[in-house]
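Remarks on the structure that follows.
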Amino acid sequence: MTHKLKIRAVGSSLGTIFPKAMLERMHLNKGDELFAVETEEGILLTPHDPDFEAAMAAFVVGRKKYRNALRKLAE
């Protein structure tokens with residue numbers, strides 16, 4: 001679904017207003033954070049932090065490699 005959003009002045013910054021139906025569908029509320037990711041197609045807005053996803057992927061690798069050490073630390 002495509003929505004045309006207009007950039008407006010909000011104080012000394014710029015912002016846009018999202019349609020209520022879109023916010024409800026994406027389970028977004030006031031105060032939630034969105035991350036803007038530049039892609040070849042344009043800008044992707046996502047509630048998921050891509051840096052966190054990369055850190056979790058690195059953790060999965062480390063967790064397997066140091067499984068025994070982590071188990072000992074947990075005691």
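FYI, nothing fancy with the structure tokens labels: chains A, B, ... in order, residues from 1 per chain, ligands from 1 as they appear.
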
Shell around Leu45 of chain A at 10 Å using only C-alpha atoms, local window under 4 positions removed, as a ChimeraX atom specification: /A:33-38

Calculated over only C-alpha atoms, which of the candidates A:Ile43, A:Met1, A:Ala69, A:Val10 has the smallest distance to Arg25 of chain A?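 Smallest separation from Arg25 of chain A among the options: A:Met1.
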
Top pick for closest residue to His48 of chain A, considering A:Leu28, A:Met22, A:Ala74, A:Ile17 and counting only C-alpha atoms: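 Looking only at the distances to His48 of chain A, the closest residue turns out to be A:Leu28.
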
Apply DSSP to the structure's backbone, then extract all residues of chain A labelled strand (DSSP E or B) and return them as a compact mmCIF listing (two decimals) with N, CA, C and O atoms, in the first residue's frame.
```txt
# COMPACT_ATOMS: atom_id res chain seq x y z
N ARG A 8 6.73 18.52 6.48
CA ARG A 8 6.27 19.81 7.01
C ARG A 8 7.23 20.30 8.08
O ARG A 8 7.98 19.52 8.66
N ALA A 9 7.15 21.58 8.36
CA ALA A 9 7.94 22.16 9.45
C ALA A 9 7.30 21.78 10.78
O ALA A 9 6.09 21.87 10.96
N VAL A 10 8.15 21.30 11.69
CA VAL A 10 7.72 20.98 13.05
C VAL A 10 8.72 21.67 13.97
O VAL A 10 9.81 21.16 14.20
N SER A 13 12.52 21.82 13.09
CA SER A 13 12.86 20.58 12.37
C SER A 13 11.85 20.33 11.27
O SER A 13 10.93 21.12 11.05
N LEU A 14 12.00 19.20 10.59
CA LEU A 14 11.04 18.78 9.59
C LEU A 14 10.46 17.44 10.00
O LEU A 14 11.14 16.64 10.66
N GLY A 15 9.23 17.19 9.63
CA GLY A 15 8.59 15.92 9.97
C GLY A 15 7.46 15.63 9.02
O GLY A 15 7.16 16.41 8.12
N PHE A 35 13.61 3.61 12.49
CA PHE A 35 14.96 3.75 11.95
C PHE A 35 14.86 3.94 10.45
O PHE A 35 14.13 3.22 9.77
N ALA A 36 15.56 4.94 9.93
CA ALA A 36 15.59 5.22 8.50
C ALA A 36 16.84 4.58 7.91
O ALA A 36 17.96 4.89 8.32
N VAL A 37 16.63 3.66 6.98
CA VAL A 37 17.73 2.94 6.34
C VAL A 37 17.74 3.33 4.87
O VAL A 37 16.73 3.19 4.18
N GLU A 38 18.88 3.81 4.39
CA GLU A 38 19.00 4.16 2.98
C GLU A 38 19.23 2.88 2.17
O GLU A 38 20.13 2.10 2.48
N ILE A 43 14.35 5.22 0.86
CA ILE A 43 14.47 5.17 2.32
C ILE A 43 13.49 4.14 2.87
O ILE A 43 12.30 4.16 2.54
N LEU A 44 13.99 3.24 3.70
CA LEU A 44 13.16 2.24 4.36
C LEU A 44 12.99 2.66 5.82
O LEU A 44 13.98 2.89 6.51
N LEU A 45 11.75 2.81 6.26
CA LEU A 45 11.47 3.11 7.67
C LEU A 45 11.10 1.81 8.35
O LEU A 45 10.21 1.08 7.90
N THR A 46 11.79 1.49 9.44
CA THR A 46 11.55 0.24 10.13
C THR A 46 11.63 0.45 11.64
O THR A 46 12.44 1.25 12.11
```

One decimal place gives the atom CA of Gly11 of chain A-atom CA of Leu23 of chain A separation as 22.4 Å

I need the residue nearest Phe18 of chain A from this list: A:Lys30, A:Leu5, A:Asn68, A:Ala57. Use only C-alpha atoms for the distance. A:Leu5

I'd like to know which of A:Pro47, A:Gly42, A:Ser12, A:Met56 is closest to His27 of chain A, using only C-alpha atoms.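 Under the stated criterion, the closest residue is A:Pro47.
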
Please give the complete set of residues from chain A that DSSP, run on the backbone, assigns to alpha helix (DSSP H), formatted as a PDB file with all heavy atoms, in the first residue's frame.
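Contents of out_34.pdb, as written:
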```pdb
ATOM      1  N   LYS A  20      -3.505   7.344  10.305  1.00  0.00           N
ATOM      2  CA  LYS A  20      -3.827   6.550  11.492  1.00  0.00           C
ATOM      3  C   LYS A  20      -3.933   5.069  11.167  1.00  0.00           C
ATOM      4  O   LYS A  20      -3.449   4.222  11.916  1.00  0.00           O
ATOM      5  CB  LYS A  20      -5.143   7.056  12.095  1.00  0.00           C
ATOM      6  CG  LYS A  20      -5.529   6.351  13.367  1.00  0.00           C
ATOM      7  CD  LYS A  20      -6.795   6.928  13.958  1.00  0.00           C
ATOM      8  CE  LYS A  20      -7.138   6.212  15.252  1.00  0.00           C
ATOM      9  NZ  LYS A  20      -8.335   6.762  15.869  1.00  0.00           N
ATOM     10  N   ALA A  21      -4.529   4.722  10.035  1.00  0.00           N
ATOM     11  CA  ALA A  21      -4.687   3.314   9.652  1.00  0.00           C
ATOM     12  C   ALA A  21      -3.331   2.635   9.500  1.00  0.00           C
ATOM     13  O   ALA A  21      -3.151   1.475   9.896  1.00  0.00           O
ATOM     14  CB  ALA A  21      -5.480   3.202   8.358  1.00  0.00           C
ATOM     15  N   MET A  22      -2.362   3.347   8.944  1.00  0.00           N
ATOM     16  CA  MET A  22      -1.016   2.785   8.769  1.00  0.00           C
ATOM     17  C   MET A  22      -0.358   2.557  10.127  1.00  0.00           C
ATOM     18  O   MET A  22       0.250   1.512  10.367  1.00  0.00           O
ATOM     19  CB  MET A  22      -0.143   3.707   7.911  1.00  0.00           C
ATOM     20  CG  MET A  22       1.263   3.191   7.680  1.00  0.00           C
ATOM     21  SD  MET A  22       2.339   4.368   6.830  1.00  0.00           S
ATOM     22  CE  MET A  22       1.703   4.244   5.180  1.00  0.00           C
ATOM     23  N   LEU A  23      -0.479   3.527  11.024  1.00  0.00           N
ATOM     24  CA  LEU A  23       0.108   3.393  12.358  1.00  0.00           C
ATOM     25  C   LEU A  23      -0.511   2.227  13.117  1.00  0.00           C
ATOM     26  O   LEU A  23       0.198   1.461  13.776  1.00  0.00           O
ATOM     27  CB  LEU A  23      -0.061   4.689  13.142  1.00  0.00           C
ATOM     28  CG  LEU A  23       0.678   5.911  12.584  1.00  0.00           C
ATOM     29  CD1 LEU A  23       0.272   7.158  13.347  1.00  0.00           C
ATOM     30  CD2 LEU A  23       2.172   5.702  12.631  1.00  0.00           C
ATOM     31  N   GLU A  24      -1.816   2.068  12.997  1.00  0.00           N
ATOM     32  CA  GLU A  24      -2.489   0.948  13.668  1.00  0.00           C
ATOM     33  C   GLU A  24      -2.043  -0.391  13.093  1.00  0.00           C
ATOM     34  O   GLU A  24      -1.797  -1.335  13.822  1.00  0.00           O
ATOM     35  CB  GLU A  24      -4.011   1.106  13.551  1.00  0.00           C
ATOM     36  CG  GLU A  24      -4.553   2.215  14.415  1.00  0.00           C
ATOM     37  CD  GLU A  24      -6.042   2.462  14.197  1.00  0.00           C
ATOM     38  OE1 GLU A  24      -6.631   1.900  13.245  1.00  0.00           O
ATOM     39  OE2 GLU A  24      -6.609   3.239  14.989  1.00  0.00           O
ATOM     40  N   ARG A  25      -1.929  -0.465  11.777  1.00  0.00           N
ATOM     41  CA  ARG A  25      -1.519  -1.699  11.119  1.00  0.00           C
ATOM     42  C   ARG A  25      -0.098  -2.106  11.512  1.00  0.00           C
ATOM     43  O   ARG A  25       0.216  -3.279  11.653  1.00  0.00           O
ATOM     44  CB  ARG A  25      -1.642  -1.530   9.604  1.00  0.00           C
ATOM     45  CG  ARG A  25      -1.725  -2.801   8.840  1.00  0.00           C
ATOM     46  CD  ARG A  25      -2.089  -2.649   7.357  1.00  0.00           C
ATOM     47  NE  ARG A  25      -1.521  -1.520   6.654  1.00  0.00           N
ATOM     48  CZ  ARG A  25      -2.178  -0.370   6.396  1.00  0.00           C
ATOM     49  NH1 ARG A  25      -3.410  -0.207   6.809  1.00  0.00           N
ATOM     50  NH2 ARG A  25      -1.604   0.600   5.740  1.00  0.00           N
ATOM     51  N   PRO A  50      18.664  -1.970  12.701  1.00  0.00           N
ATOM     52  CA  PRO A  50      19.533  -2.854  11.930  1.00  0.00           C
ATOM     53  C   PRO A  50      20.872  -3.114  12.631  1.00  0.00           C
ATOM     54  O   PRO A  50      21.454  -4.190  12.465  1.00  0.00           O
ATOM     55  CB  PRO A  50      19.717  -2.139  10.596  1.00  0.00           C
ATOM     56  CG  PRO A  50      19.241  -0.742  10.806  1.00  0.00           C
ATOM     57  CD  PRO A  50      18.354  -0.737  11.996  1.00  0.00           C
ATOM     58  N   ASP A  51      21.364  -2.172  13.415  1.00  0.00           N
ATOM     59  CA  ASP A  51      22.619  -2.388  14.142  1.00  0.00           C
ATOM     60  C   ASP A  51      22.421  -3.450  15.229  1.00  0.00           C
ATOM     61  O   ASP A  51      23.306  -4.260  15.483  1.00  0.00           O
ATOM     62  CB  ASP A  51      23.121  -1.085  14.764  1.00  0.00           C
ATOM     63  CG  ASP A  51      23.536  -0.069  13.710  1.00  0.00           C
ATOM     64  OD1 ASP A  51      23.916  -0.493  12.603  1.00  0.00           O
ATOM     65  OD2 ASP A  51      23.486   1.133  14.002  1.00  0.00           O
ATOM     66  N   PHE A  52      21.263  -3.455  15.853  1.00  0.00           N
ATOM     67  CA  PHE A  52      20.961  -4.464  16.864  1.00  0.00           C
ATOM     68  C   PHE A  52      20.890  -5.846  16.225  1.00  0.00           C
ATOM     69  O   PHE A  52      21.391  -6.817  16.777  1.00  0.00           O
ATOM     70  CB  PHE A  52      19.643  -4.137  17.573  1.00  0.00           C
ATOM     71  CG  PHE A  52      19.251  -5.151  18.600  1.00  0.00           C
ATOM     72  CD1 PHE A  52      19.866  -5.165  19.840  1.00  0.00           C
ATOM     73  CD2 PHE A  52      18.286  -6.101  18.328  1.00  0.00           C
ATOM     74  CE1 PHE A  52      19.522  -6.104  20.808  1.00  0.00           C
ATOM     75  CE2 PHE A  52      17.929  -7.047  19.278  1.00  0.00           C
ATOM     76  CZ  PHE A  52      18.551  -7.047  20.514  1.00  0.00           C
ATOM     77  N   GLU A  53      20.291  -5.923  15.055  1.00  0.00           N
ATOM     78  CA  GLU A  53      20.193  -7.202  14.346  1.00  0.00           C
ATOM     79  C   GLU A  53      21.591  -7.733  14.034  1.00  0.00           C
ATOM     80  O   GLU A  53      21.863  -8.922  14.198  1.00  0.00           O
ATOM     81  CB  GLU A  53      19.395  -7.025  13.054  1.00  0.00           C
ATOM     82  CG  GLU A  53      18.034  -6.413  13.258  1.00  0.00           C
ATOM     83  CD  GLU A  53      16.918  -7.434  13.301  1.00  0.00           C
ATOM     84  OE1 GLU A  53      17.123  -8.565  12.842  1.00  0.00           O
ATOM     85  OE2 GLU A  53      15.845  -7.086  13.804  1.00  0.00           O
ATOM     86  N   ALA A  54      22.514  -6.856  13.610  1.00  0.00           N
ATOM     87  CA  ALA A  54      23.884  -7.285  13.318  1.00  0.00           C
ATOM     88  C   ALA A  54      24.593  -7.739  14.591  1.00  0.00           C
ATOM     89  O   ALA A  54      25.331  -8.727  14.586  1.00  0.00           O
ATOM     90  CB  ALA A  54      24.660  -6.145  12.647  1.00  0.00           C
ATOM     91  N   ALA A  55      24.368  -7.030  15.693  1.00  0.00           N
ATOM     92  CA  ALA A  55      24.982  -7.407  16.963  1.00  0.00           C
ATOM     93  C   ALA A  55      24.457  -8.764  17.431  1.00  0.00           C
ATOM     94  O   ALA A  55      25.227  -9.592  17.950  1.00  0.00           O
ATOM     95  CB  ALA A  55      24.711  -6.339  18.019  1.00  0.00           C
ATOM     96  N   MET A  56      23.174  -9.011  17.252  1.00  0.00           N
ATOM     97  CA  MET A  56      22.604 -10.303  17.648  1.00  0.00           C
ATOM     98  C   MET A  56      23.162 -11.434  16.776  1.00  0.00           C
ATOM     99  O   MET A  56      23.400 -12.535  17.269  1.00  0.00           O
ATOM    100  CB  MET A  56      21.078 -10.265  17.565  1.00  0.00           C
ATOM    101  CG  MET A  56      20.445  -9.458  18.666  1.00  0.00           C
ATOM    102  SD  MET A  56      20.959  -9.943  20.338  1.00  0.00           S
ATOM    103  CE  MET A  56      20.327 -11.582  20.453  1.00  0.00           C
ATOM    104  N   ALA A  57      23.384 -11.177  15.499  1.00  0.00           N
ATOM    105  CA  ALA A  57      23.966 -12.195  14.621  1.00  0.00           C
ATOM    106  C   ALA A  57      25.380 -12.527  15.083  1.00  0.00           C
ATOM    107  O   ALA A  57      25.782 -13.701  15.100  1.00  0.00           O
ATOM    108  CB  ALA A  57      23.968 -11.703  13.176  1.00  0.00           C
ATOM    109  N   ALA A  58      26.140 -11.504  15.472  1.00  0.00           N
ATOM    110  CA  ALA A  58      27.498 -11.738  15.985  1.00  0.00           C
ATOM    111  C   ALA A  58      27.439 -12.507  17.306  1.00  0.00           C
ATOM    112  O   ALA A  58      28.275 -13.388  17.562  1.00  0.00           O
ATOM    113  CB  ALA A  58      28.228 -10.412  16.176  1.00  0.00           C
ATOM    114  N   PHE A  59      26.452 -12.214  18.138  1.00  0.00           N
ATOM    115  CA  PHE A  59      26.301 -12.919  19.406  1.00  0.00           C
ATOM    116  C   PHE A  59      26.028 -14.403  19.180  1.00  0.00           C
ATOM    117  O   PHE A  59      26.567 -15.259  19.878  1.00  0.00           O
ATOM    118  CB  PHE A  59      25.176 -12.306  20.242  1.00  0.00           C
ATOM    119  CG  PHE A  59      24.779 -13.159  21.413  1.00  0.00           C
ATOM    120  CD1 PHE A  59      25.603 -13.261  22.518  1.00  0.00           C
ATOM    121  CD2 PHE A  59      23.601 -13.886  21.390  1.00  0.00           C
ATOM    122  CE1 PHE A  59      25.261 -14.066  23.592  1.00  0.00           C
ATOM    123  CE2 PHE A  59      23.246 -14.687  22.457  1.00  0.00           C
ATOM    124  CZ  PHE A  59      24.072 -14.781  23.561  1.00  0.00           C
ATOM    125  N   VAL A  60      25.206 -14.716  18.199  1.00  0.00           N
ATOM    126  CA  VAL A  60      24.878 -16.113  17.917  1.00  0.00           C
ATOM    127  C   VAL A  60      26.142 -16.890  17.565  1.00  0.00           C
ATOM    128  O   VAL A  60      26.347 -18.011  18.041  1.00  0.00           O
ATOM    129  CB  VAL A  60      23.816 -16.207  16.796  1.00  0.00           C
ATOM    130  CG1 VAL A  60      23.657 -17.631  16.300  1.00  0.00           C
ATOM    131  CG2 VAL A  60      22.487 -15.667  17.290  1.00  0.00           C
ATOM    132  N   VAL A  61      27.007 -16.289  16.773  1.00  0.00           N
ATOM    133  CA  VAL A  61      28.270 -16.938  16.417  1.00  0.00           C
ATOM    134  C   VAL A  61      29.132 -17.121  17.657  1.00  0.00           C
ATOM    135  O   VAL A  61      29.666 -18.202  17.908  1.00  0.00           O
ATOM    136  CB  VAL A  61      29.027 -16.106  15.344  1.00  0.00           C
ATOM    137  CG1 VAL A  61      30.416 -16.657  15.109  1.00  0.00           C
ATOM    138  CG2 VAL A  61      28.228 -16.083  14.050  1.00  0.00           C
ATOM    139  N   GLY A  62      29.267 -16.073  18.470  1.00  0.00           N
ATOM    140  CA  GLY A  62      30.078 -16.145  19.686  1.00  0.00           C
ATOM    141  C   GLY A  62      29.501 -17.104  20.709  1.00  0.00           C
ATOM    142  O   GLY A  62      30.232 -17.801  21.417  1.00  0.00           O
ATOM    143  N   ARG A  63      28.169 -17.158  20.783  1.00  0.00           N
ATOM    144  CA  ARG A  63      27.521 -18.049  21.741  1.00  0.00           C
ATOM    145  C   ARG A  63      27.855 -19.506  21.435  1.00  0.00           C
ATOM    146  O   ARG A  63      28.110 -20.297  22.338  1.00  0.00           O
ATOM    147  CB  ARG A  63      26.012 -17.839  21.683  1.00  0.00           C
ATOM    148  CG  ARG A  63      25.243 -18.752  22.630  1.00  0.00           C
ATOM    149  CD  ARG A  63      23.759 -18.568  22.504  1.00  0.00           C
ATOM    150  NE  ARG A  63      23.349 -18.963  21.164  1.00  0.00           N
ATOM    151  CZ  ARG A  63      22.139 -18.773  20.669  1.00  0.00           C
ATOM    152  NH1 ARG A  63      21.230 -18.160  21.381  1.00  0.00           N
ATOM    153  NH2 ARG A  63      21.830 -19.165  19.460  1.00  0.00           N
ATOM    154  N   LYS A  64      27.904 -19.862  20.183  1.00  0.00           N
ATOM    155  CA  LYS A  64      28.242 -21.239  19.809  1.00  0.00           C
ATOM    156  C   LYS A  64      29.716 -21.533  20.097  1.00  0.00           C
ATOM    157  O   LYS A  64      30.054 -22.596  20.597  1.00  0.00           O
ATOM    158  CB  LYS A  64      27.934 -21.474  18.334  1.00  0.00           C
ATOM    159  CG  LYS A  64      26.451 -21.500  18.037  1.00  0.00           C
ATOM    160  CD  LYS A  64      26.186 -21.660  16.563  1.00  0.00           C
ATOM    161  CE  LYS A  64      24.690 -21.590  16.275  1.00  0.00           C
ATOM    162  NZ  LYS A  64      24.426 -21.651  14.835  1.00  0.00           N
ATOM    163  N   LYS A  65      30.554 -20.560  19.784  1.00  0.00           N
ATOM    164  CA  LYS A  65      32.001 -20.757  19.941  1.00  0.00           C
ATOM    165  C   LYS A  65      32.392 -20.849  21.418  1.00  0.00           C
ATOM    166  O   LYS A  65      33.251 -21.652  21.786  1.00  0.00           O
ATOM    167  CB  LYS A  65      32.746 -19.610  19.264  1.00  0.00           C
ATOM    168  CG  LYS A  65      34.249 -19.776  19.260  1.00  0.00           C
ATOM    169  CD  LYS A  65      34.910 -18.670  18.457  1.00  0.00           C
ATOM    170  CE  LYS A  65      36.415 -18.847  18.435  1.00  0.00           C
ATOM    171  NZ  LYS A  65      37.060 -17.812  17.643  1.00  0.00           N
ATOM    172  N   ARG A  67      30.338 -21.538  24.121  1.00  0.00           N
ATOM    173  CA  ARG A  67      29.227 -22.133  24.864  1.00  0.00           C
ATOM    174  C   ARG A  67      29.649 -22.596  26.253  1.00  0.00           C
ATOM    175  O   ARG A  67      28.988 -22.314  27.234  1.00  0.00           O
ATOM    176  CB  ARG A  67      28.643 -23.276  24.054  1.00  0.00           C
ATOM    177  CG  ARG A  67      27.512 -23.985  24.771  1.00  0.00           C
ATOM    178  CD  ARG A  67      26.934 -25.114  23.954  1.00  0.00           C
ATOM    179  NE  ARG A  67      27.988 -25.973  23.458  1.00  0.00           N
ATOM    180  CZ  ARG A  67      27.929 -26.664  22.326  1.00  0.00           C
ATOM    181  NH1 ARG A  67      26.878 -26.560  21.553  1.00  0.00           N
ATOM    182  NH2 ARG A  67      28.920 -27.442  21.955  1.00  0.00           N
ATOM    183  N   ASN A  68      30.765 -23.303  26.348  1.00  0.00           N
ATOM    184  CA  ASN A  68      31.200 -23.833  27.641  1.00  0.00           C
ATOM    185  C   ASN A  68      31.578 -22.712  28.603  1.00  0.00           C
ATOM    186  O   ASN A  68      31.251 -22.764  29.796  1.00  0.00           O
ATOM    187  CB  ASN A  68      32.353 -24.824  27.468  1.00  0.00           C
ATOM    188  CG  ASN A  68      31.904 -26.071  26.726  1.00  0.00           C
ATOM    189  OD1 ASN A  68      30.741 -26.460  26.787  1.00  0.00           O
ATOM    190  ND2 ASN A  68      32.834 -26.695  26.021  1.00  0.00           N
ATOM    191  N   ALA A  69      32.284 -21.708  28.125  1.00  0.00           N
ATOM    192  CA  ALA A  69      32.670 -20.584  28.964  1.00  0.00           C
ATOM    193  C   ALA A  69      31.446 -19.824  29.471  1.00  0.00           C
ATOM    194  O   ALA A  69      31.371 -19.443  30.649  1.00  0.00           O
ATOM    195  CB  ALA A  69      33.609 -19.651  28.211  1.00  0.00           C
ATOM    196  N   LEU A  70      30.476 -19.618  28.608  1.00  0.00           N
ATOM    197  CA  LEU A  70      29.252 -18.917  29.014  1.00  0.00           C
ATOM    198  C   LEU A  70      28.469 -19.724  30.036  1.00  0.00           C
ATOM    199  O   LEU A  70      27.888 -19.174  30.983  1.00  0.00           O
ATOM    200  CB  LEU A  70      28.381 -18.610  27.788  1.00  0.00           C
ATOM    201  CG  LEU A  70      28.936 -17.556  26.841  1.00  0.00           C
ATOM    202  CD1 LEU A  70      28.114 -17.523  25.556  1.00  0.00           C
ATOM    203  CD2 LEU A  70      28.958 -16.199  27.493  1.00  0.00           C
ATOM    204  N   ARG A  71      28.477 -21.028  29.893  1.00  0.00           N
ATOM    205  CA  ARG A  71      27.781 -21.890  30.861  1.00  0.00           C
ATOM    206  C   ARG A  71      28.445 -21.757  32.233  1.00  0.00           C
ATOM    207  O   ARG A  71      27.772 -21.686  33.251  1.00  0.00           O
ATOM    208  CB  ARG A  71      27.810 -23.340  30.364  1.00  0.00           C
ATOM    209  CG  ARG A  71      26.929 -24.253  31.202  1.00  0.00           C
ATOM    210  CD  ARG A  71      26.806 -25.644  30.618  1.00  0.00           C
ATOM    211  NE  ARG A  71      26.049 -25.578  29.380  1.00  0.00           N
ATOM    212  CZ  ARG A  71      26.398 -26.196  28.242  1.00  0.00           C
ATOM    213  NH1 ARG A  71      27.478 -26.929  28.191  1.00  0.00           N
ATOM    214  NH2 ARG A  71      25.655 -26.097  27.160  1.00  0.00           N
ATOM    215  N   LYS A  72      29.766 -21.751  32.270  1.00  0.00           N
ATOM    216  CA  LYS A  72      30.501 -21.598  33.543  1.00  0.00           C
ATOM    217  C   LYS A  72      30.212 -20.243  34.173  1.00  0.00           C
ATOM    218  O   LYS A  72      30.049 -20.133  35.384  1.00  0.00           O
ATOM    219  CB  LYS A  72      32.015 -21.743  33.313  1.00  0.00           C
ATOM    220  CG  LYS A  72      32.483 -23.159  33.302  1.00  0.00           C
ATOM    221  CD  LYS A  72      32.358 -23.727  34.689  1.00  0.00           C
ATOM    222  CE  LYS A  72      33.181 -24.967  34.817  1.00  0.00           C
ATOM    223  NZ  LYS A  72      32.892 -25.687  36.042  1.00  0.00           N
ATOM    224  N   LEU A  73      30.199 -19.196  33.366  1.00  0.00           N
ATOM    225  CA  LEU A  73      29.914 -17.859  33.889  1.00  0.00           C
ATOM    226  C   LEU A  73      28.511 -17.762  34.477  1.00  0.00           C
ATOM    227  O   LEU A  73      28.270 -17.004  35.404  1.00  0.00           O
ATOM    228  CB  LEU A  73      30.092 -16.810  32.799  1.00  0.00           C
ATOM    229  CG  LEU A  73      31.532 -16.514  32.386  1.00  0.00           C
ATOM    230  CD1 LEU A  73      31.542 -15.651  31.132  1.00  0.00           C
ATOM    231  CD2 LEU A  73      32.276 -15.833  33.516  1.00  0.00           C
ATOM    232  N   ALA A  74      27.586 -18.520  33.944  1.00  0.00           N
ATOM    233  CA  ALA A  74      26.212 -18.467  34.402  1.00  0.00           C
ATOM    234  C   ALA A  74      26.009 -19.150  35.753  1.00  0.00           C
ATOM    235  O   ALA A  74      24.998 -18.949  36.416  1.00  0.00           O
ATOM    236  CB  ALA A  74      25.290 -19.119  33.378  1.00  0.00           C
TER     237      ALA A  74
END
```

With only C-alpha atoms as the basis for distance, which of A:Glu40, A:Pro19, A:Tyr66, A:Asp49 is at the shortest distance from Thr2 of chain A?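 The closest residue to Thr2 of chain A is A:Pro19.
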